[in-house]
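Structure data (mmCIF, C-alpha atoms) from query_7.cif:
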data_start
#
loop_
_atom_site.label_atom_id
_atom_site.label_comp_id
_atom_site.auth_asym_id
_atom_site.auth_seq_id
_atom_site.Cartn_x
_atom_site.Cartn_y
_atom_site.Cartn_z
CA MET L 43 -44.09 -35.23 56.70
CA SER L 44 -41.29 -37.48 55.58
CA PHE L 45 -40.00 -36.95 52.07
CA ILE L 46 -39.31 -40.03 49.94
CA ASN L 47 -37.09 -39.38 46.94
CA TYR L 48 -37.02 -42.30 44.51
CA SER L 49 -34.60 -40.47 42.29
CA SER L 50 -31.81 -40.13 44.86
CA ARG L 51 -33.13 -43.12 46.84
CA GLU L 52 -33.42 -41.19 50.05
CA ILE L 53 -35.91 -40.91 52.81
CA ASN L 54 -35.87 -37.76 54.93
CA CYS L 55 -37.64 -37.44 58.28
CA LYS L 56 -38.04 -34.50 60.66
CA ILE L 57 -37.76 -34.88 64.42
CA VAL L 58 -38.46 -31.98 66.78
CA TYR L 59 -37.12 -31.67 70.34
CA TYR L 60 -39.68 -29.78 72.40
CA GLY L 61 -39.72 -28.69 76.04
CA PRO L 62 -39.58 -25.76 78.46
CA GLY L 63 -36.78 -23.18 78.44
CA LEU L 64 -33.36 -24.45 79.61
CA CYS L 65 -34.51 -28.09 79.76
CA GLY L 66 -31.60 -29.23 77.56
CA LYS L 67 -32.93 -29.54 74.02
CA THR L 68 -29.91 -27.85 72.45
CA THR L 69 -27.60 -29.84 74.77
CA ASN L 70 -29.12 -33.07 73.40
CA LEU L 71 -28.31 -32.01 69.84
CA GLN L 72 -24.82 -30.83 70.78
CA TYR L 73 -24.05 -34.16 72.41
CA ILE L 74 -25.31 -36.07 69.35
CA TYR L 75 -23.27 -33.80 67.10
CA ASN L 76 -20.09 -34.30 69.15
CA LYS L 77 -20.43 -38.07 69.29
CA THR L 78 -21.39 -38.77 65.68
CA ASN L 79 -18.92 -39.70 62.95
CA PRO L 80 -18.18 -36.79 60.59
CA GLU L 81 -19.48 -38.74 57.57
CA ALA L 82 -22.87 -39.31 59.24
CA LYS L 83 -23.61 -35.73 60.13
CA GLY L 84 -23.94 -32.33 58.50
CA LYS L 85 -23.27 -28.94 60.00
CA MET L 86 -25.14 -28.07 63.18
CA ILE L 87 -26.88 -24.74 62.93
CA SER L 88 -27.92 -22.78 66.02
CA LEU L 89 -29.97 -19.64 65.62
CA ALA L 90 -29.42 -18.31 69.11
CA THR L 91 -29.25 -15.04 71.01
CA GLU L 92 -25.97 -13.57 72.24
CA THR L 93 -26.54 -15.34 75.55
CA GLU L 94 -26.87 -18.68 73.72
CA ARG L 95 -30.59 -19.04 74.24
CA THR L 96 -32.28 -20.57 71.19
CA LEU L 97 -33.94 -17.79 69.21
CA PHE L 98 -35.48 -19.71 66.34
CA PHE L 99 -34.15 -23.26 66.12
CA ASP L 100 -31.14 -25.58 66.16
CA PHE L 101 -30.76 -27.93 63.22
CA LEU L 102 -28.70 -31.08 62.87
CA PRO L 103 -28.87 -33.39 59.83
CA LEU L 104 -27.95 -37.04 60.51
CA SER L 105 -27.60 -40.07 58.26
CA LEU L 106 -28.44 -43.38 59.87
CA GLY L 107 -27.57 -45.80 57.09
CA GLU L 108 -29.61 -47.67 54.52
CA ILE L 109 -32.87 -49.56 54.63
CA ARG L 110 -33.75 -51.57 51.53
CA GLY L 111 -31.43 -49.43 49.41
CA PHE L 112 -32.82 -46.14 50.69
CA LYS L 113 -30.55 -43.78 52.62
CA THR L 114 -32.32 -42.74 55.82
CA ARG L 115 -31.72 -39.17 56.87
CA PHE L 116 -33.05 -37.54 60.00
CA HIS L 117 -33.28 -33.81 60.44
CA LEU L 118 -33.24 -32.92 64.13
CA TYR L 119 -34.68 -29.58 65.19
CA THR L 120 -35.12 -27.92 68.55
CA VAL L 121 -37.67 -25.22 69.31
CA PRO L 122 -36.99 -22.13 71.44
CA GLY L 123 -38.29 -23.05 74.87
CA GLN L 124 -39.05 -19.64 76.30
CA VAL L 125 -42.78 -18.99 76.55
CA PHE L 126 -42.85 -15.83 74.43
CA TYR L 127 -41.37 -17.55 71.36
CA ASP L 128 -44.59 -19.44 70.70
CA ALA L 129 -45.01 -18.14 67.13
CA SER L 130 -41.60 -19.62 66.22
CA ARG L 131 -42.39 -22.96 67.89
CA LYS L 132 -45.49 -23.35 65.72
CA LEU L 133 -43.45 -22.84 62.56
CA ILE L 134 -40.90 -25.47 63.47
CA LEU L 135 -43.55 -28.12 64.06
CA LYS L 136 -44.61 -27.89 60.40
CA GLY L 137 -44.02 -31.18 58.65
CA VAL L 138 -42.85 -32.98 61.80
CA ASP L 139 -42.59 -36.78 61.78
CA GLY L 140 -41.78 -37.37 65.44
CA VAL L 141 -41.48 -35.39 68.68
CA VAL L 142 -39.14 -35.76 71.66
CA PHE L 143 -40.39 -33.97 74.75
CA VAL L 144 -37.42 -33.05 76.95
CA ALA L 145 -38.65 -32.56 80.50
CA ASP L 146 -36.60 -30.78 83.16
CA SER L 147 -36.54 -33.16 86.15
CA GLN L 148 -36.03 -30.41 88.71
CA ILE L 149 -39.01 -30.16 91.06
CA GLU L 150 -39.33 -26.42 90.61
CA ARG L 151 -39.65 -26.83 86.83
CA MET L 152 -42.65 -29.17 86.99
CA GLU L 153 -45.16 -26.46 86.19
CA ALA L 154 -43.03 -25.31 83.24
CA ASN L 155 -42.95 -28.93 81.98
CA LEU L 156 -46.71 -29.26 82.16
CA GLU L 157 -47.25 -25.91 80.49
CA SER L 158 -44.85 -26.78 77.67
CA LEU L 159 -46.45 -30.20 77.15
CA GLU L 160 -49.88 -28.59 76.88
CA ASN L 161 -48.43 -26.00 74.52
CA LEU L 162 -47.03 -28.83 72.36
CA ARG L 163 -50.43 -30.48 72.17
CA THR L 164 -52.13 -27.20 71.20
CA ASN L 165 -49.54 -26.24 68.59
CA LEU L 166 -49.59 -29.71 67.02
CA ALA L 167 -53.38 -29.61 66.85
CA GLU L 168 -53.17 -26.29 65.01
CA GLN L 169 -51.13 -28.06 62.33
CA GLY L 170 -53.59 -30.94 62.18
CA TYR L 171 -51.57 -33.40 64.29
CA ASP L 172 -52.76 -35.32 67.33
CA LEU L 173 -50.05 -35.79 69.98
CA ASP L 174 -51.63 -39.13 70.89
CA LYS L 175 -51.20 -40.44 67.35
CA ILE L 176 -47.79 -39.26 66.15
CA PRO L 177 -44.44 -40.87 67.11
CA PHE L 178 -43.67 -39.40 70.53
CA VAL L 179 -41.15 -40.12 73.30
CA ILE L 180 -40.35 -38.35 76.57
CA GLN L 181 -36.94 -37.73 78.09
CA TYR L 182 -36.57 -36.86 81.78
CA ASN L 183 -33.43 -34.78 81.62
CA LYS L 184 -31.11 -33.56 84.39
CA ARG L 185 -31.45 -36.77 86.42
CA ASP L 186 -28.01 -36.05 87.86
CA LEU L 187 -29.16 -32.92 89.72
CA PRO L 188 -29.84 -33.19 93.46
CA ASN L 189 -33.22 -31.48 93.22
CA ALA L 190 -34.56 -33.86 90.56
CA ALA L 191 -38.06 -35.17 91.24
CA GLU L 192 -38.61 -38.92 91.73
CA ALA L 193 -38.98 -40.81 88.43
CA PRO L 194 -42.44 -42.31 89.21
CA GLU L 195 -43.73 -38.84 90.04
CA LEU L 196 -42.45 -37.45 86.74
CA ARG L 197 -44.02 -40.31 84.85
CA ARG L 198 -47.34 -39.91 86.61
CA LEU L 199 -47.49 -36.20 85.78
CA LEU L 200 -46.02 -36.12 82.28
CA ASN L 201 -46.56 -39.54 80.79
CA PRO L 202 -50.03 -40.87 81.62
CA ARG L 203 -50.18 -42.62 78.24
CA LEU L 204 -46.88 -44.42 78.97
CA VAL L 205 -45.12 -43.61 75.73
CA PRO L 206 -41.44 -44.69 75.64
CA ASP L 207 -39.58 -42.59 78.22
CA PHE L 208 -35.93 -42.25 79.22
CA ASP L 209 -33.88 -40.86 82.08
CA ALA L 210 -31.10 -38.62 80.87
CA SER L 211 -28.33 -36.23 81.78
CA ALA L 212 -27.72 -34.56 78.46
CA THR L 213 -24.58 -32.71 79.56
CA LEU L 214 -23.01 -36.10 80.43
CA GLY L 215 -24.64 -37.82 77.47
CA ASN L 216 -26.61 -40.36 79.48
CA GLY L 217 -29.85 -41.35 77.76
CA VAL L 218 -29.33 -39.04 74.78
CA PHE L 219 -28.82 -41.75 72.16
CA ASP L 220 -31.45 -44.03 73.74
CA THR L 221 -33.96 -41.24 73.25
CA LEU L 222 -32.88 -40.61 69.66
CA LYS L 223 -32.99 -44.29 68.74
CA ALA L 224 -36.45 -44.69 70.23
CA ILE L 225 -37.96 -41.79 68.30
CA ALA L 226 -36.18 -42.80 65.07
CA LYS L 227 -37.58 -46.32 65.39
CA LEU L 228 -41.09 -45.05 65.99
CA VAL L 229 -40.86 -42.76 62.94
CA LEU L 230 -39.63 -45.59 60.71
CA THR L 231 -42.30 -47.93 62.06
CA GLU L 232 -44.91 -45.31 61.23
CA LEU L 233 -43.50 -45.06 57.73
CA LYS L 234 -43.78 -48.81 57.37
CA LYS L 235 -47.49 -48.51 58.07
CA GLY L 236 -47.68 -46.15 55.12
CA GLY L 237 -47.79 -43.09 57.43
CA MET U 218 -51.52 -31.37 57.65
CA ASP U 219 -49.43 -31.70 54.51
CA GLN U 220 -49.59 -34.76 52.33
CA GLN U 221 -46.59 -37.07 52.24
CA MET U 222 -44.18 -35.86 49.60
CA VAL U 223 -42.88 -38.52 47.24
CA MET U 224 -40.53 -37.68 44.38
CA TYR U 225 -40.54 -40.09 41.44
CA GLU U 226 -37.86 -40.32 38.76
CA GLU U 227 -40.10 -38.91 36.04
CA GLU U 228 -41.05 -35.72 37.89
CA PHE U 229 -37.51 -35.36 39.22
CA LYS U 230 -36.20 -35.17 35.65
CA LEU U 231 -38.78 -32.56 34.68
CA ILE U 232 -38.03 -30.47 37.77
CA SER U 233 -34.26 -30.71 37.25
CA ALA U 234 -34.66 -29.60 33.63
CA ILE U 235 -36.64 -26.53 34.71
CA CYS U 236 -33.98 -25.62 37.30
CA GLU U 237 -31.26 -26.01 34.69
CA ARG U 238 -33.13 -23.78 32.22
CA LEU U 239 -33.90 -21.18 34.89
CA THR U 240 -30.22 -20.99 35.87
CA ARG U 241 -29.34 -20.27 32.25
CA GLU U 242 -32.18 -17.90 31.38
CA ALA U 243 -31.90 -15.87 34.58
CA ASN U 244 -28.08 -15.68 34.37
CA ALA U 245 -28.11 -17.10 37.90
CA LYS U 246 -25.20 -18.60 39.82
CA ALA U 247 -27.40 -21.36 41.14
CA VAL U 248 -31.00 -22.45 41.44
CA LEU U 249 -32.21 -24.69 44.25
CA LEU U 250 -35.56 -26.22 44.98
CA VAL U 251 -36.40 -27.13 48.58
CA ASP U 252 -39.47 -28.48 50.31
CA LYS U 253 -41.31 -25.99 52.54
CA ASN U 254 -40.49 -28.29 55.47
CA GLY U 255 -36.79 -27.82 54.85
CA GLN U 256 -35.88 -30.86 52.75
CA TYR U 257 -33.52 -30.31 49.85
CA ILE U 258 -34.97 -31.48 46.51
CA THR U 259 -32.59 -30.53 43.72
CA SER U 260 -30.31 -27.80 42.42
CA HIS U 261 -28.37 -26.60 39.42
CA GLY U 262 -25.39 -24.31 38.93
CA GLU U 263 -22.48 -23.38 41.17
CA ILE U 264 -23.24 -25.36 44.30
CA ASP U 265 -19.94 -27.15 44.93
CA ASN U 266 -19.02 -24.92 47.87
CA LEU U 267 -22.55 -24.63 49.15
CA ASP U 268 -23.93 -26.55 52.13
CA THR U 269 -27.25 -27.38 50.47
CA THR U 270 -28.69 -29.20 53.51
CA SER U 271 -28.21 -26.14 55.72
CA LEU U 272 -29.41 -23.86 52.97
CA ALA U 273 -32.62 -25.89 52.61
CA SER U 274 -33.33 -25.83 56.33
CA LEU U 275 -32.62 -22.11 56.74
CA THR U 276 -34.61 -21.21 53.62
CA ALA U 277 -37.62 -23.08 54.99
CA GLY U 278 -37.22 -21.33 58.35
CA ASN U 279 -36.93 -18.00 56.58
CA ILE U 280 -40.06 -18.55 54.47
CA ALA U 281 -41.97 -19.87 57.48
CA ALA U 282 -41.09 -16.77 59.52
CA THR U 283 -41.92 -14.47 56.59
CA SER U 284 -45.29 -16.18 56.10
CA GLY U 285 -45.95 -15.76 59.82
CA LEU U 286 -45.23 -12.04 59.45
CA ALA U 287 -47.55 -11.82 56.44
CA LYS U 288 -50.42 -13.33 58.40
CA LEU U 289 -49.83 -10.87 61.25
CA ILE U 290 -50.55 -7.95 58.93
CA GLY U 291 -53.47 -9.68 57.22
CA GLU U 292 -51.68 -10.96 54.09
CA LYS U 293 -52.03 -14.58 53.04
CA GLU U 294 -48.29 -14.84 52.46
CA PHE U 295 -45.36 -13.02 50.89
CA PRO U 296 -44.83 -15.24 47.85
CA ASN U 297 -41.51 -13.63 46.90
CA VAL U 298 -38.67 -12.67 49.21
CA PHE U 299 -35.46 -10.94 48.15
CA HIS U 300 -32.21 -10.78 50.12
CA GLU U 301 -29.62 -8.34 48.81
CA GLY U 302 -25.95 -8.86 49.57
CA GLU U 303 -22.79 -7.01 48.59
CA LYS U 304 -22.01 -9.47 45.82
CA ASP U 305 -24.58 -12.24 45.89
CA ASN U 306 -28.32 -12.03 46.26
CA LEU U 307 -31.04 -14.55 47.00
CA HIS U 308 -34.53 -14.57 45.55
CA LEU U 309 -36.96 -16.97 47.23
CA SER U 310 -40.41 -17.77 45.94
CA ILE U 311 -43.10 -20.19 47.03
CA VAL U 312 -44.16 -22.81 44.49
CA ALA U 313 -47.54 -24.56 44.66
CA GLN U 314 -47.72 -24.01 48.44
CA ARG U 315 -45.27 -26.90 48.86
CA ALA U 316 -41.81 -25.89 47.73
CA ILE U 317 -39.46 -22.93 47.65
CA LEU U 318 -37.54 -21.92 44.56
CA VAL U 319 -34.22 -20.31 45.49
CA VAL U 320 -32.26 -18.30 42.92
CA MET U 321 -28.76 -17.16 43.79
CA PHE U 322 -27.42 -14.43 41.50
CA ASP U 323 -24.79 -11.68 41.29
CA GLN U 324 -24.18 -8.57 39.16
CA ARG U 325 -24.30 -10.62 35.97
CA SER U 326 -28.06 -10.70 36.39
CA SER U 327 -30.71 -8.38 37.84
CA LEU U 328 -33.70 -8.65 40.14
CA GLY U 329 -36.01 -7.78 37.25
CA LEU U 330 -34.70 -10.57 35.06
CA VAL U 331 -34.79 -13.09 37.90
CA ARG U 332 -38.37 -12.20 38.80
CA LEU U 333 -39.46 -12.52 35.19
CA ARG U 334 -37.87 -15.92 34.70
CA VAL U 335 -38.94 -17.21 38.12
CA LYS U 336 -42.58 -16.42 37.33
CA LYS U 337 -42.60 -18.72 34.31
CA ALA U 338 -40.59 -21.47 36.01
CA SER U 339 -42.87 -21.35 39.09
CA GLU U 340 -45.96 -21.90 36.98
CA GLU U 341 -44.40 -24.93 35.32
CA LEU U 342 -43.12 -26.35 38.60
CA GLY U 343 -46.55 -25.79 40.15
CA GLY U 344 -48.12 -28.05 37.54
CA ILE U 345 -45.57 -30.78 38.22
CA PHE U 346 -46.15 -30.60 41.98
CA VAL U 347 -49.89 -31.01 41.52
CA THR U 348 -49.25 -34.16 39.47
CA MET U 349 -46.69 -35.41 41.99
CA ILE U 350 -48.97 -34.99 45.00
CA ALA U 351 -51.84 -36.72 43.20
CA LYS U 352 -49.50 -39.57 42.24
CA ALA U 353 -48.23 -39.93 45.83
CA GLN U 354 -51.82 -40.20 47.09
CA SER U 355 -52.81 -42.85 44.57
CA HIS U 356 -49.63 -44.87 45.25
CA ALA U 357 -49.90 -44.49 49.02
CA GLN U 358 -50.13 -48.22 49.62
CA GLY U 359 -47.16 -49.01 47.41
CA THR U 360 -44.49 -47.44 49.62
CA PRO U 361 -41.22 -49.41 49.60
CA PHE U 362 -41.28 -49.15 53.37
CA ALA U 363 -44.43 -51.23 53.71
CA GLU U 364 -42.19 -54.31 53.59
CA ILE U 365 -39.43 -53.29 55.95
CA THR U 366 -39.14 -55.45 59.01
CA ASP U 367 -38.41 -54.63 62.62
CA ASP U 368 -35.00 -56.23 62.02
CA ASP U 369 -34.27 -53.76 59.20
CA ILE U 370 -34.96 -50.93 61.62
CA ASP U 371 -32.95 -52.54 64.43
CA ASN U 372 -30.00 -53.05 62.08
CA LEU U 373 -29.68 -49.30 61.64
CA PHE U 374 -28.83 -49.07 65.31
CA SER U 375 -26.76 -52.21 65.60
CA GLU U 376 -23.36 -50.71 66.25
#
Before anything else, please render the file you have as structure tokens.
Amino acid sequence: MSFINYSSREINCKIVYYGPGLCGKTTNLQYIYNKTNPEAKGKMISLATETERTLFFDFLPLSLGEIRGFKTRFHLYTVPGQVFYDASRKLILKGVDGVVFVADSQIERMEANLESLENLRTNLAEQGYDLDKIPFVIQYNKRDLPNAAEAPELRRLLNPRLVPDFDASATLGNGVFDTLKAIAKLVLTELKKGG
Amino acid sequence: MDQQMVMYEEEFKLISAICERLTREANAKAVLLVDKNGQYITSHGEIDNLDTTSLASLTAGNIAATSGLAKLIGEKEFPNVFHEGEKDNLHLSIVAQRAILVVMFDQRSSLGLVRLRVKKASEELGGIFVTMIAKAQSHAQGTPFAEITDDDIDNLFSE
């Protein structure tokens, strides 16, 4: 849950990037880190294996500016995507304010996308969250690859509820900030409701 | 699901005073308090060269993983965790199920002294957290964000 600090006049929110292994969650954060002004970001932490697969999480703190005299800070986390790291994924979802699901557009990864999405729903439910009620956006990543599935097909399979969704190529940066802005807006809108 | 955490000036002062006293009484280098979800709350002592945001996030990850381990072997949690370094050590303890008290200390102190002082400070902090959570629930409708407009949100992304 977001943390409102009247003393330092700050509001802190937690956003988690979820998705199957190698879908580009860490790449999203790396792109954001590389393109953000030094004064608006903290250190990016990656707890990864020697082969640069996420072992526990990546973490990137971002400041977005002020709203009504409160500094808004977003903490971006990724989960490890590989199936057997499920225990770690559950831990990272604790206290989440918004979720970005990064789907791998490649046709052969469709089953992995669906499995990961179902896993997200289950793990959120274990923490008392309903995926249909929390701020949630979907990113179809790797649109630049030749074996990417058609966009309508991806939407039909992964986004039946038609939450905000974005095409992206995280290595090139396309769609990365659109995704981030969309989830940040949804989180702030939720806060406005008294979330 | 956790309740929304809201820190008011009054409780912040009380919490800061306890951290300040703990630093002194435990001969610690620094004392930090972080939310279990990884948000930094406050600190006292030698923190000028410390990345407190990263420390908060990693501490929360550490405690979350340790609690996961505890459950695997049938324990509710491991309320205290100790990391021993060559020079500096970290003692982490869970406060009121919501926060983590981090004490950084070196050879000027000892694990025994830190544990003793942390126990007392934890009890006091626990009481404050209970008050704070109750206060946040009763003030739930009075959030300053109830009045923000869509324009306010859009302005954050204007450039």
Neighbours of chain L in chain U at 6 Å, counting only C-alpha atoms, as a count of residues only: 10
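Counting only C-alpha atoms, Asp220 (chain L) has the following residues at most 12 Å away, ignoring those fewer than 6 positions along the same chain: Asn70, Ile74, Val142, Val179, Ile180, Gln181, Tyr182, Pro206, Asp207, Phe208, Asp209, Ala210, Ser211, Ala212, Ala226 and Lys227 of chain L; Phe374 of chain U.
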Save out the residues we just selected, C-alpha atoms, as a short mmCIF file (atom, residue, chain, number, x, y, z; two decimals), in the frame of the given file.
data_model
loop_
_atom_site.label_atom_id
_atom_site.label_comp_id
_atom_site.auth_asym_id
_atom_site.auth_seq_id
_atom_site.Cartn_x
_atom_site.Cartn_y
_atom_site.Cartn_z
CA ASN L 70 -29.12 -33.07 73.40
CA ILE L 74 -25.31 -36.07 69.35
CA VAL L 142 -39.14 -35.76 71.66
CA VAL L 179 -41.15 -40.12 73.30
CA ILE L 180 -40.35 -38.35 76.57
CA GLN L 181 -36.94 -37.73 78.09
CA TYR L 182 -36.57 -36.86 81.78
CA PRO L 206 -41.44 -44.69 75.64
CA ASP L 207 -39.58 -42.59 78.22
CA PHE L 208 -35.93 -42.25 79.22
CA ASP L 209 -33.88 -40.86 82.08
CA ALA L 210 -31.10 -38.62 80.87
CA SER L 211 -28.33 -36.23 81.78
CA ALA L 212 -27.72 -34.56 78.46
CA ALA L 226 -36.18 -42.80 65.07
CA LYS L 227 -37.58 -46.32 65.39
CA PHE U 374 -28.83 -49.07 65.31
#
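Reported to one decimal place, the separation of CA of Tyr75 (chain L) from CA of Asp186 (chain L) is 21.4 Å.
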6 Å contact set for region 146-151 of chain L, all atoms listed in the file, chain neighbours under 5 positions out, as a list in words: Cys65, Tyr182, Asn183, Lys184, Asn189, Ala190 and Ala191 of chain L
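If you apply the PyMOL selection byres ((chain L and resi 197-203) around 8) to this structure, you end up with Asn155, Leu156, Leu159, Ile180, Ala193, Pro194, Glu195, Leu196, Leu204 and Val205 of chain L.
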Reference answer for the PyMOL selection byres ((chain L and resi 62) around 6), as a PyMOL selection string: chain L and resi 61+63+65+123+154-155+158
One-decimal distance in Å that lies between CA of Leu71 (chain L) and CA of Ser88 (chain L): 10.0 Å
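CA of Pro122 (chain L) is positioned 25.2 Å from CA of Ile311 (chain U).
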Please evaluate the PyMOL selection byres ((chain U and resi 233) around 10) against the displayed coordinates and give the resulting residues as a PDB file with C-alpha atoms, keeping the file's coordinate frame.
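And here is the file that came out, selection-v5.pdb:
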ATOM      1  CA  GLU U 228     -41.050 -35.720  37.890  1.00  0.00           C
ATOM      2  CA  PHE U 229     -37.510 -35.360  39.220  1.00  0.00           C
ATOM      3  CA  LYS U 230     -36.200 -35.170  35.650  1.00  0.00           C
ATOM      4  CA  LEU U 231     -38.780 -32.560  34.680  1.00  0.00           C
ATOM      5  CA  ILE U 232     -38.030 -30.470  37.770  1.00  0.00           C
ATOM      6  CA  ALA U 234     -34.660 -29.600  33.630  1.00  0.00           C
ATOM      7  CA  ILE U 235     -36.640 -26.530  34.710  1.00  0.00           C
ATOM      8  CA  CYS U 236     -33.980 -25.620  37.300  1.00  0.00           C
ATOM      9  CA  GLU U 237     -31.260 -26.010  34.690  1.00  0.00           C
ATOM     10  CA  ARG U 238     -33.130 -23.780  32.220  1.00  0.00           C
ATOM     11  CA  LEU U 239     -33.900 -21.180  34.890  1.00  0.00           C
ATOM     12  CA  VAL U 248     -31.000 -22.450  41.440  1.00  0.00           C
ATOM     13  CA  LEU U 249     -32.210 -24.690  44.250  1.00  0.00           C
ATOM     14  CA  LEU U 250     -35.560 -26.220  44.980  1.00  0.00           C
ATOM     15  CA  ILE U 258     -34.970 -31.480  46.510  1.00  0.00           C
ATOM     16  CA  THR U 259     -32.590 -30.530  43.720  1.00  0.00           C
ATOM     17  CA  SER U 260     -30.310 -27.800  42.420  1.00  0.00           C
ATOM     18  CA  HIS U 261     -28.370 -26.600  39.420  1.00  0.00           C
ATOM     19  CA  LEU U 342     -43.120 -26.350  38.600  1.00  0.00           C
TER      20      LEU U 342
END
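Nearest to Phe116 (chain L) of all the residues L:Glu94, L:Asp139, L:Asp174, L:Glu81 is L:Asp139, based on all atoms listed in the file.
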